[in-house]
>>> print(open('target_0.txt').read())   # compact mmCIF, N, CA and C atoms
# COMPACT_ATOMS: atom_id res chain seq x y z
N MET X 5 -20.96 -10.20 -15.00
CA MET X 5 -20.15 -10.86 -16.00
C MET X 5 -18.91 -11.41 -15.30
N ASN X 6 -18.53 -12.63 -15.65
CA ASN X 6 -17.29 -13.19 -15.10
C ASN X 6 -16.17 -13.02 -16.13
N LYS X 7 -14.95 -13.35 -15.72
CA LYS X 7 -13.80 -13.13 -16.59
C LYS X 7 -13.89 -13.95 -17.88
N ASN X 8 -14.40 -15.17 -17.81
CA ASN X 8 -14.54 -15.98 -19.03
C ASN X 8 -15.50 -15.33 -20.02
N ASP X 9 -16.57 -14.71 -19.52
CA ASP X 9 -17.50 -13.99 -20.40
C ASP X 9 -16.80 -12.80 -21.05
N LEU X 10 -15.98 -12.09 -20.28
CA LEU X 10 -15.23 -10.95 -20.81
C LEU X 10 -14.28 -11.41 -21.91
N VAL X 11 -13.55 -12.48 -21.67
CA VAL X 11 -12.62 -13.01 -22.67
C VAL X 11 -13.39 -13.38 -23.94
N GLY X 12 -14.51 -14.07 -23.80
CA GLY X 12 -15.32 -14.45 -24.96
C GLY X 12 -15.81 -13.25 -25.75
N ARG X 13 -16.21 -12.23 -25.03
CA ARG X 13 -16.71 -11.01 -25.67
C ARG X 13 -15.60 -10.33 -26.47
N ILE X 14 -14.41 -10.21 -25.87
CA ILE X 14 -13.28 -9.60 -26.57
C ILE X 14 -12.91 -10.41 -27.80
N GLN X 15 -12.81 -11.73 -27.64
CA GLN X 15 -12.45 -12.59 -28.76
C GLN X 15 -13.48 -12.49 -29.89
N ASP X 16 -14.75 -12.40 -29.54
CA ASP X 16 -15.79 -12.27 -30.55
C ASP X 16 -15.62 -10.96 -31.33
N HIS X 17 -15.38 -9.87 -30.63
CA HIS X 17 -15.19 -8.59 -31.30
C HIS X 17 -13.94 -8.59 -32.18
N LEU X 18 -12.88 -9.23 -31.71
CA LEU X 18 -11.64 -9.26 -32.49
C LEU X 18 -11.77 -10.08 -33.77
N SER X 19 -12.79 -10.92 -33.85
CA SER X 19 -12.98 -11.70 -35.07
C SER X 19 -13.47 -10.83 -36.23
N LYS X 20 -13.94 -9.64 -35.91
CA LYS X 20 -14.41 -8.70 -36.94
C LYS X 20 -14.06 -7.26 -36.53
N PRO X 21 -12.74 -6.95 -36.47
CA PRO X 21 -12.31 -5.63 -36.01
C PRO X 21 -12.67 -4.51 -36.99
N GLN X 22 -12.84 -3.33 -36.44
CA GLN X 22 -13.08 -2.13 -37.23
C GLN X 22 -11.97 -1.13 -36.92
N LYS X 23 -11.61 -0.31 -37.90
CA LYS X 23 -10.55 0.68 -37.72
C LYS X 23 -11.14 2.00 -37.27
N SER X 24 -11.60 2.02 -36.04
CA SER X 24 -12.22 3.21 -35.47
C SER X 24 -11.89 3.27 -33.99
N GLU X 25 -11.53 4.44 -33.51
CA GLU X 25 -11.26 4.59 -32.07
C GLU X 25 -12.52 4.31 -31.26
N ARG X 26 -13.64 4.76 -31.75
CA ARG X 26 -14.90 4.55 -31.03
C ARG X 26 -15.20 3.05 -30.91
N TRP X 27 -14.97 2.29 -31.98
CA TRP X 27 -15.19 0.84 -31.93
C TRP X 27 -14.27 0.21 -30.89
N ALA X 28 -12.98 0.56 -30.92
CA ALA X 28 -12.04 0.01 -29.94
C ALA X 28 -12.47 0.37 -28.52
N MET X 29 -12.91 1.60 -28.33
CA MET X 29 -13.34 2.06 -27.01
C MET X 29 -14.52 1.23 -26.50
N TYR X 30 -15.55 1.08 -27.30
CA TYR X 30 -16.77 0.42 -26.83
C TYR X 30 -16.69 -1.10 -26.84
N CYS X 31 -15.95 -1.67 -27.79
CA CYS X 31 -15.93 -3.13 -27.93
C CYS X 31 -14.78 -3.81 -27.19
N LEU X 32 -13.65 -3.13 -27.02
CA LEU X 32 -12.49 -3.76 -26.41
C LEU X 32 -12.06 -3.11 -25.09
N ILE X 33 -12.05 -1.79 -25.05
CA ILE X 33 -11.48 -1.07 -23.90
C ILE X 33 -12.48 -0.92 -22.75
N ALA X 34 -13.65 -0.36 -23.03
CA ALA X 34 -14.64 -0.13 -21.97
C ALA X 34 -15.05 -1.42 -21.25
N PRO X 35 -15.21 -2.56 -21.96
CA PRO X 35 -15.55 -3.78 -21.21
C PRO X 35 -14.48 -4.18 -20.19
N VAL X 36 -13.21 -4.00 -20.52
CA VAL X 36 -12.13 -4.33 -19.57
C VAL X 36 -12.16 -3.35 -18.39
N VAL X 37 -12.29 -2.06 -18.69
CA VAL X 37 -12.33 -1.04 -17.64
C VAL X 37 -13.55 -1.26 -16.74
N ASP X 38 -14.71 -1.53 -17.34
CA ASP X 38 -15.93 -1.77 -16.56
C ASP X 38 -15.78 -3.00 -15.68
N PHE X 39 -15.19 -4.07 -16.22
CA PHE X 39 -14.98 -5.29 -15.43
C PHE X 39 -14.08 -5.00 -14.23
N ALA X 40 -12.98 -4.30 -14.46
CA ALA X 40 -12.06 -3.97 -13.36
C ALA X 40 -12.76 -3.08 -12.34
N ASN X 41 -13.55 -2.14 -12.81
CA ASN X 41 -14.22 -1.19 -11.93
C ASN X 41 -15.40 -1.80 -11.18
N SER X 42 -15.85 -2.96 -11.59
CA SER X 42 -17.03 -3.57 -10.95
C SER X 42 -16.82 -3.83 -9.46
N THR X 43 -15.58 -3.99 -9.02
CA THR X 43 -15.31 -4.19 -7.60
C THR X 43 -14.85 -2.90 -6.92
N MET X 44 -14.65 -1.84 -7.70
CA MET X 44 -14.13 -0.58 -7.14
C MET X 44 -15.23 0.43 -6.85
N GLY X 45 -16.26 0.44 -7.66
CA GLY X 45 -17.37 1.37 -7.45
C GLY X 45 -17.06 2.81 -7.80
N LEU X 46 -16.08 3.05 -8.67
CA LEU X 46 -15.77 4.41 -9.09
C LEU X 46 -16.70 4.81 -10.23
N GLU X 47 -16.86 6.11 -10.42
CA GLU X 47 -17.71 6.60 -11.51
C GLU X 47 -16.88 6.69 -12.79
N ALA X 48 -17.34 6.02 -13.84
CA ALA X 48 -16.69 6.14 -15.15
C ALA X 48 -17.18 7.41 -15.81
N TYR X 49 -16.24 8.28 -16.17
CA TYR X 49 -16.57 9.57 -16.77
C TYR X 49 -15.86 9.64 -18.12
N PHE X 50 -16.64 9.84 -19.18
CA PHE X 50 -16.08 9.89 -20.53
C PHE X 50 -15.73 11.32 -20.89
N GLU X 51 -14.61 11.49 -21.61
CA GLU X 51 -14.11 12.81 -22.02
C GLU X 51 -13.92 13.73 -20.81
N PHE X 52 -13.18 13.22 -19.83
CA PHE X 52 -12.90 13.97 -18.60
C PHE X 52 -11.94 15.10 -18.91
N ASN X 53 -12.38 16.34 -18.66
CA ASN X 53 -11.58 17.52 -18.99
C ASN X 53 -10.82 18.01 -17.77
N GLN X 54 -9.58 18.41 -18.00
CA GLN X 54 -8.75 18.99 -16.95
C GLN X 54 -7.75 19.95 -17.57
N THR X 55 -7.12 20.74 -16.74
CA THR X 55 -6.11 21.67 -17.20
C THR X 55 -4.74 21.03 -17.01
N SER X 56 -3.94 21.07 -18.06
CA SER X 56 -2.60 20.46 -18.01
C SER X 56 -1.64 21.35 -17.24
N ALA X 57 -0.45 20.81 -16.99
CA ALA X 57 0.61 21.58 -16.33
C ALA X 57 1.00 22.78 -17.18
N HIS X 58 0.73 22.72 -18.49
CA HIS X 58 1.05 23.82 -19.41
C HIS X 58 -0.07 24.84 -19.51
N GLY X 59 -1.17 24.61 -18.76
CA GLY X 59 -2.28 25.55 -18.75
C GLY X 59 -3.29 25.36 -19.87
N THR X 60 -3.19 24.27 -20.61
CA THR X 60 -4.14 24.02 -21.68
C THR X 60 -5.22 23.04 -21.22
N SER X 61 -6.38 23.15 -21.84
CA SER X 61 -7.48 22.24 -21.53
C SER X 61 -7.32 20.98 -22.36
N GLN X 62 -7.51 19.83 -21.72
CA GLN X 62 -7.38 18.55 -22.42
C GLN X 62 -8.36 17.55 -21.83
N SER X 63 -8.78 16.59 -22.65
CA SER X 63 -9.72 15.58 -22.20
C SER X 63 -9.14 14.19 -22.39
N VAL X 64 -9.26 13.38 -21.36
CA VAL X 64 -8.87 11.97 -21.44
C VAL X 64 -10.15 11.19 -21.73
N ASP X 65 -10.03 10.08 -22.47
CA ASP X 65 -11.21 9.35 -22.92
C ASP X 65 -12.04 8.79 -21.76
N ILE X 66 -11.41 8.15 -20.79
CA ILE X 66 -12.14 7.62 -19.63
C ILE X 66 -11.38 7.98 -18.36
N ALA X 67 -12.10 8.49 -17.39
CA ALA X 67 -11.53 8.70 -16.06
C ALA X 67 -12.41 7.95 -15.07
N LEU X 68 -11.78 7.20 -14.19
CA LEU X 68 -12.52 6.57 -13.09
C LEU X 68 -12.37 7.50 -11.90
N LEU X 69 -13.49 8.02 -11.43
CA LEU X 69 -13.50 9.05 -10.41
C LEU X 69 -14.00 8.54 -9.07
N ASP X 70 -13.33 9.02 -8.02
CA ASP X 70 -13.77 8.83 -6.64
C ASP X 70 -14.27 10.20 -6.20
N GLY X 71 -15.57 10.42 -6.33
CA GLY X 71 -16.11 11.76 -6.15
C GLY X 71 -15.67 12.59 -7.34
N LEU X 72 -14.91 13.64 -7.08
CA LEU X 72 -14.38 14.47 -8.16
C LEU X 72 -12.91 14.17 -8.43
N VAL X 73 -12.35 13.21 -7.71
CA VAL X 73 -10.92 12.91 -7.80
C VAL X 73 -10.66 11.75 -8.75
N PRO X 74 -9.90 11.98 -9.83
CA PRO X 74 -9.57 10.88 -10.72
C PRO X 74 -8.61 9.89 -10.06
N ARG X 75 -8.89 8.59 -10.24
CA ARG X 75 -8.02 7.52 -9.72
C ARG X 75 -7.32 6.77 -10.85
N VAL X 76 -7.99 6.70 -12.00
CA VAL X 76 -7.44 6.01 -13.18
C VAL X 76 -7.84 6.82 -14.41
N MET X 77 -6.88 6.99 -15.33
CA MET X 77 -7.14 7.66 -16.60
C MET X 77 -6.83 6.70 -17.74
N VAL X 78 -7.69 6.67 -18.75
CA VAL X 78 -7.50 5.77 -19.88
C VAL X 78 -7.64 6.58 -21.17
N GLU X 79 -6.62 6.50 -21.99
CA GLU X 79 -6.62 7.14 -23.31
C GLU X 79 -6.78 6.04 -24.36
N ALA X 80 -7.81 6.15 -25.18
CA ALA X 80 -8.13 5.13 -26.19
C ALA X 80 -7.63 5.55 -27.56
N LYS X 81 -7.19 4.56 -28.33
CA LYS X 81 -6.73 4.76 -29.70
C LYS X 81 -7.35 3.69 -30.59
N ARG X 82 -7.27 3.88 -31.91
CA ARG X 82 -7.75 2.87 -32.86
C ARG X 82 -6.92 1.60 -32.73
N VAL X 83 -7.50 0.46 -33.11
CA VAL X 83 -6.83 -0.84 -33.02
C VAL X 83 -5.51 -0.85 -33.78
N ASP X 84 -5.44 -0.19 -34.92
CA ASP X 84 -4.23 -0.24 -35.73
C ASP X 84 -3.23 0.87 -35.40
N ARG X 85 -3.49 1.63 -34.36
CA ARG X 85 -2.61 2.76 -34.00
C ARG X 85 -1.54 2.33 -33.01
N ARG X 86 -0.32 2.80 -33.23
CA ARG X 86 0.76 2.56 -32.27
C ARG X 86 0.51 3.40 -31.03
N ILE X 87 0.89 2.85 -29.88
CA ILE X 87 0.67 3.57 -28.63
C ILE X 87 1.99 3.71 -27.88
N ALA X 88 2.05 4.72 -27.01
CA ALA X 88 3.24 4.98 -26.20
C ALA X 88 2.82 5.68 -24.92
N ALA X 89 3.64 5.54 -23.90
CA ALA X 89 3.36 6.13 -22.58
C ALA X 89 3.12 7.64 -22.67
N GLU X 90 3.79 8.31 -23.58
CA GLU X 90 3.66 9.76 -23.71
C GLU X 90 2.23 10.19 -24.05
N GLN X 91 1.43 9.28 -24.59
CA GLN X 91 0.06 9.62 -24.96
C GLN X 91 -0.87 9.71 -23.74
N ILE X 92 -0.44 9.21 -22.59
CA ILE X 92 -1.24 9.33 -21.36
C ILE X 92 -0.51 10.12 -20.28
N SER X 93 0.82 10.15 -20.33
CA SER X 93 1.59 10.74 -19.23
C SER X 93 1.25 12.21 -18.99
N LYS X 94 0.84 12.94 -20.03
CA LYS X 94 0.51 14.36 -19.85
C LYS X 94 -0.71 14.56 -18.94
N TYR X 95 -1.52 13.53 -18.77
CA TYR X 95 -2.71 13.62 -17.92
C TYR X 95 -2.43 13.25 -16.46
N LEU X 96 -1.28 12.66 -16.20
CA LEU X 96 -1.05 12.02 -14.91
C LEU X 96 -0.35 12.90 -13.89
N LYS X 97 -0.73 12.71 -12.66
CA LYS X 97 -0.09 13.33 -11.50
C LYS X 97 0.45 12.19 -10.65
N PRO X 98 1.27 12.48 -9.64
CA PRO X 98 1.78 11.39 -8.79
C PRO X 98 0.66 10.51 -8.22
N ASN X 99 0.91 9.22 -8.19
CA ASN X 99 -0.01 8.19 -7.68
C ASN X 99 -1.28 8.00 -8.50
N LEU X 100 -1.36 8.62 -9.66
CA LEU X 100 -2.52 8.45 -10.54
C LEU X 100 -2.15 7.44 -11.63
N ARG X 101 -2.92 6.34 -11.68
CA ARG X 101 -2.66 5.30 -12.68
C ARG X 101 -3.22 5.73 -14.03
N GLY X 102 -2.46 5.45 -15.07
CA GLY X 102 -2.90 5.78 -16.41
C GLY X 102 -2.62 4.66 -17.38
N LEU X 103 -3.48 4.54 -18.37
CA LEU X 103 -3.30 3.55 -19.42
C LEU X 103 -3.59 4.20 -20.76
N VAL X 104 -2.79 3.84 -21.74
CA VAL X 104 -3.10 4.17 -23.13
C VAL X 104 -3.22 2.84 -23.84
N THR X 105 -4.26 2.69 -24.65
CA THR X 105 -4.52 1.40 -25.26
C THR X 105 -5.26 1.53 -26.59
N ASN X 106 -4.99 0.57 -27.44
CA ASN X 106 -5.78 0.43 -28.67
C ASN X 106 -6.69 -0.79 -28.55
N GLY X 107 -6.81 -1.32 -27.34
CA GLY X 107 -7.65 -2.48 -27.08
C GLY X 107 -6.90 -3.79 -27.18
N VAL X 108 -5.87 -3.81 -27.99
CA VAL X 108 -5.02 -4.99 -28.16
C VAL X 108 -3.77 -4.85 -27.31
N HIS X 109 -3.11 -3.70 -27.45
CA HIS X 109 -1.91 -3.40 -26.67
C HIS X 109 -2.26 -2.36 -25.62
N TRP X 110 -1.70 -2.52 -24.43
CA TRP X 110 -1.96 -1.61 -23.32
C TRP X 110 -0.63 -1.15 -22.75
N VAL X 111 -0.50 0.14 -22.46
CA VAL X 111 0.66 0.67 -21.76
C VAL X 111 0.15 1.20 -20.43
N MET X 112 0.65 0.62 -19.35
CA MET X 112 0.26 1.00 -18.00
C MET X 112 1.33 1.95 -17.46
N CYS X 113 0.90 3.07 -16.89
CA CYS X 113 1.83 4.10 -16.41
C CYS X 113 1.51 4.48 -14.96
N LEU X 114 2.57 4.61 -14.18
CA LEU X 114 2.42 5.03 -12.79
C LEU X 114 3.72 5.67 -12.34
N ASP X 115 3.63 6.90 -11.89
CA ASP X 115 4.76 7.62 -11.31
C ASP X 115 6.00 7.60 -12.19
N GLY X 116 5.82 7.89 -13.47
CA GLY X 116 6.95 8.00 -14.40
C GLY X 116 7.47 6.69 -14.94
N GLU X 117 6.91 5.57 -14.51
CA GLU X 117 7.31 4.26 -15.03
C GLU X 117 6.17 3.72 -15.88
N SER X 118 6.53 2.86 -16.83
CA SER X 118 5.49 2.28 -17.69
C SER X 118 5.84 0.86 -18.07
N LYS X 119 4.81 0.14 -18.46
CA LYS X 119 4.97 -1.22 -18.93
C LYS X 119 3.98 -1.45 -20.07
N ALA X 120 4.48 -1.99 -21.18
CA ALA X 120 3.63 -2.33 -22.31
C ALA X 120 3.28 -3.81 -22.24
N ILE X 121 2.04 -4.11 -22.57
CA ILE X 121 1.58 -5.50 -22.51
C ILE X 121 0.59 -5.73 -23.65
N SER X 122 0.65 -6.91 -24.25
CA SER X 122 -0.32 -7.27 -25.30
C SER X 122 -1.40 -8.13 -24.65
N LEU X 123 -2.61 -7.70 -24.83
CA LEU X 123 -3.75 -8.41 -24.25
C LEU X 123 -4.16 -9.58 -25.13
N CYS X 124 -3.96 -9.43 -26.41
CA CYS X 124 -4.40 -10.49 -27.32
C CYS X 124 -3.62 -10.42 -28.63
N ASP X 125 -3.79 -11.45 -29.40
CA ASP X 125 -3.19 -11.56 -30.72
C ASP X 125 -4.27 -11.19 -31.73
N ILE X 126 -4.09 -10.08 -32.41
CA ILE X 126 -5.11 -9.59 -33.35
C ILE X 126 -5.32 -10.56 -34.51
N ARG X 127 -4.29 -11.35 -34.85
CA ARG X 127 -4.41 -12.27 -35.99
C ARG X 127 -5.39 -13.40 -35.72
N ASP X 128 -5.38 -13.94 -34.50
CA ASP X 128 -6.29 -15.04 -34.21
C ASP X 128 -7.30 -14.72 -33.11
N GLY X 129 -7.22 -13.52 -32.53
CA GLY X 129 -8.19 -13.10 -31.52
C GLY X 129 -8.07 -13.76 -30.17
N THR X 130 -6.96 -14.45 -29.93
CA THR X 130 -6.77 -15.15 -28.66
C THR X 130 -6.39 -14.16 -27.57
N VAL X 131 -7.11 -14.18 -26.47
CA VAL X 131 -6.83 -13.30 -25.33
C VAL X 131 -5.90 -14.03 -24.37
N ALA X 132 -4.83 -13.36 -23.96
CA ALA X 132 -3.89 -13.92 -22.98
C ALA X 132 -4.44 -13.63 -21.58
N ALA X 133 -4.89 -14.66 -20.89
CA ALA X 133 -5.54 -14.50 -19.59
C ALA X 133 -4.62 -13.83 -18.57
N ASP X 134 -3.34 -14.17 -18.57
CA ASP X 134 -2.42 -13.55 -17.60
C ASP X 134 -2.23 -12.07 -17.88
N SER X 135 -2.22 -11.68 -19.13
CA SER X 135 -2.12 -10.26 -19.48
C SER X 135 -3.39 -9.52 -19.08
N LEU X 136 -4.54 -10.13 -19.32
CA LEU X 136 -5.81 -9.53 -18.91
C LEU X 136 -5.84 -9.35 -17.39
N ASP X 137 -5.39 -10.37 -16.65
CA ASP X 137 -5.34 -10.27 -15.19
C ASP X 137 -4.45 -9.11 -14.75
N GLU X 138 -3.32 -8.93 -15.43
CA GLU X 138 -2.40 -7.86 -15.05
C GLU X 138 -3.00 -6.48 -15.31
N VAL X 139 -3.69 -6.31 -16.43
CA VAL X 139 -4.34 -5.03 -16.74
C VAL X 139 -5.43 -4.75 -15.72
N ILE X 140 -6.25 -5.74 -15.42
CA ILE X 140 -7.33 -5.57 -14.43
C ILE X 140 -6.76 -5.21 -13.06
N ALA X 141 -5.72 -5.91 -12.64
CA ALA X 141 -5.09 -5.63 -11.34
C ALA X 141 -4.53 -4.22 -11.31
N PHE X 142 -3.94 -3.78 -12.40
CA PHE X 142 -3.38 -2.42 -12.46
C PHE X 142 -4.50 -1.38 -12.33
N ILE X 143 -5.58 -1.56 -13.07
CA ILE X 143 -6.71 -0.62 -12.98
C ILE X 143 -7.24 -0.58 -11.55
N ARG X 144 -7.31 -1.72 -10.91
CA ARG X 144 -7.83 -1.79 -9.54
C ARG X 144 -6.85 -1.25 -8.50
N GLY X 145 -5.64 -0.98 -8.91
CA GLY X 145 -4.67 -0.43 -7.96
C GLY X 145 -3.98 -1.49 -7.12
N GLU X 146 -4.10 -2.73 -7.55
CA GLU X 146 -3.41 -3.80 -6.85
C GLU X 146 -1.93 -3.71 -7.18
N GLU X 147 -1.10 -4.26 -6.35
CA GLU X 147 0.35 -4.17 -6.56
C GLU X 147 0.71 -4.66 -7.96
N PRO X 148 1.28 -3.76 -8.78
CA PRO X 148 1.61 -4.18 -10.14
C PRO X 148 2.76 -5.17 -10.17
N ASN X 149 2.69 -6.07 -11.12
CA ASN X 149 3.80 -7.00 -11.37
C ASN X 149 4.94 -6.15 -11.96
N LYS X 150 6.00 -5.97 -11.20
CA LYS X 150 7.06 -5.06 -11.60
C LYS X 150 8.00 -5.61 -12.67
N SER X 151 7.85 -6.89 -13.06
CA SER X 151 8.72 -7.39 -14.11
C SER X 151 8.38 -6.66 -15.41
N GLY X 152 9.38 -6.19 -16.09
CA GLY X 152 9.18 -5.49 -17.33
C GLY X 152 8.91 -4.00 -17.18
N TRP X 153 8.90 -3.49 -15.96
CA TRP X 153 8.68 -2.05 -15.77
C TRP X 153 9.99 -1.32 -15.94
>>> encode(input="target_0.txt", output="structure tokens")
Amino acid sequence: MNKNDLVGRIQDHLSKPQKSERWAMYCLIAPVVDFANSTMGLEAYFEFNQTSAHGTSQSVDIALLDGLVPRVMVEAKRVDRRIAAEQISKYLKPNLRGLVTNGVHWVMCLDGESKAISLCDIRDGTVAADSLDEVIAFIRGEEPNKSGW
């Protein structure tokens, strides 16, 4: 799949949104993560369980793994849910990239810093190509655009 196909797919799904985390995960979030991961070759693991710094067991929705080592963590929410860095930061360790997203809005987190970005306009389903590029680059571990961090 090329980026134009990805954009078309997202726009098509946004034309008939559903208020379900599972729908956002499979129709909006996983396609972006899969596209970014297509050049990385990491294993996508759903409901990745780990022990928190507080000693409790917790699962992140998607972890991209290099062997058994997580490289990217993604926490998914419903399309209509507000998101914040705190919803992913509990899963993160130094140098581990994390994102929390409802498929429309994405918060990228790395080493205690975060940046919120809108991937598309839910009202008309238009995908912002530059925002999509930034999310993909962040997932891939490319140097993040530090403006707005």
>>> residues_around(input="target_0.txt", residues="range 21-31 of chain X", least_positions_apart="2", cutoff="6.5 Å", atoms="only N, CA and C atoms", output="ChimeraX atom specification")
/X:14,17-19,33-35,80-84,106-107
>>> closest_residue(input="target_0.txt", among="X:Ala67, X:Cys113, X:Ala120, X:Val73", to="Ser93 in chain X", atoms="all atoms listed in the file")
X:Cys113
>>> closest_residue(input="target_0.txt", among="X:Thr43, X:Ala89, X:Val37, X:Tyr95", to="Val64 in chain X", atoms="only N, CA and C atoms")
X:Tyr95
>>> atom_distance(input="target_0.txt", atom1="CA of Gly45 in chain X", atom2="atom C of Gln15 in chain X")
26.7 Å
>>> closest_residue(input="target_0.txt", among="X:Val139, X:Leu123, X:Val131, X:Leu69", to="Asp9 in chain X", atoms="only C-alpha atoms")
X:Val131
>>> atom_distance(input="target_0.txt", atom1="atom C of His109 in chain X", atom2="atom N of Cys124 in chain X")
7.3 Å
>>> closest_residue(input="target_0.txt", among="X:Lys97, X:Leu136, X:Leu72, X:Thr105", to="Arg85 in chain X", atoms="only N, CA and C atoms")
X:Thr105
>>> closest_residue(input="target_0.txt", among="X:Gly12, X:Asn53, X:Ile126, X:Lys94", to="Val108 in chain X", atoms="only N, CA and C atoms")
X:Ile126
>>> select_by_dssp(input="target_0.txt", residues="range 18-73 of chain X", states="strand (DSSP E or B)", output="JSON, numbers by chain")
{"X": [47, 48, 49, 50, 51, 52, 53, 54, 55, 61, 62, 63, 64, 65, 66, 67, 68, 69, 70, 73]}
>>> atom_distance(input="target_0.txt", atom1="CA of Glu138 in chain X", atom2="CA of Glu79 in chain X")
17.6 Å
>>> closest_residue(input="target_0.txt", among="X:Arg101, X:Lys20, X:Arg13, X:Lys7", to="Phe39 in chain X", atoms="only C-alpha atoms")
X:Lys7
>>> decode(input="target_0.txt", residues="range 57-71 of chain X", atoms="C-alpha atoms", output="mmCIF file, in the first residue's frame")
data_model
loop_
_atom_site.group_PDB
_atom_site.id
_atom_site.type_symbol
_atom_site.label_atom_id
_atom_site.label_comp_id
_atom_site.auth_asym_id
_atom_site.auth_seq_id
_atom_site.Cartn_x
_atom_site.Cartn_y
_atom_site.Cartn_z
ATOM 1 C CA ALA X 57 6.713 1.222 37.900
ATOM 2 C CA HIS X 58 3.997 0.897 40.582
ATOM 3 C CA GLY X 59 4.078 -2.906 40.340
ATOM 4 C CA THR X 60 0.698 -3.294 38.649
ATOM 5 C CA SER X 61 -0.001 -5.252 35.484
ATOM 6 C CA GLN X 62 -1.155 -3.166 32.522
ATOM 7 C CA SER X 63 -1.672 -3.682 28.807
ATOM 8 C CA VAL X 64 -1.051 -1.232 25.990
ATOM 9 C CA ASP X 65 -3.195 -1.683 22.874
ATOM 10 C CA ILE X 66 -0.331 -2.057 20.358
ATOM 11 C CA ALA X 67 3.365 -2.598 20.951
ATOM 12 C CA LEU X 68 5.869 -2.774 18.123
ATOM 13 C CA LEU X 69 8.481 -5.246 19.301
ATOM 14 C CA ASP X 70 12.076 -5.896 18.311
ATOM 15 C CA GLY X 71 12.300 -9.444 19.610
#
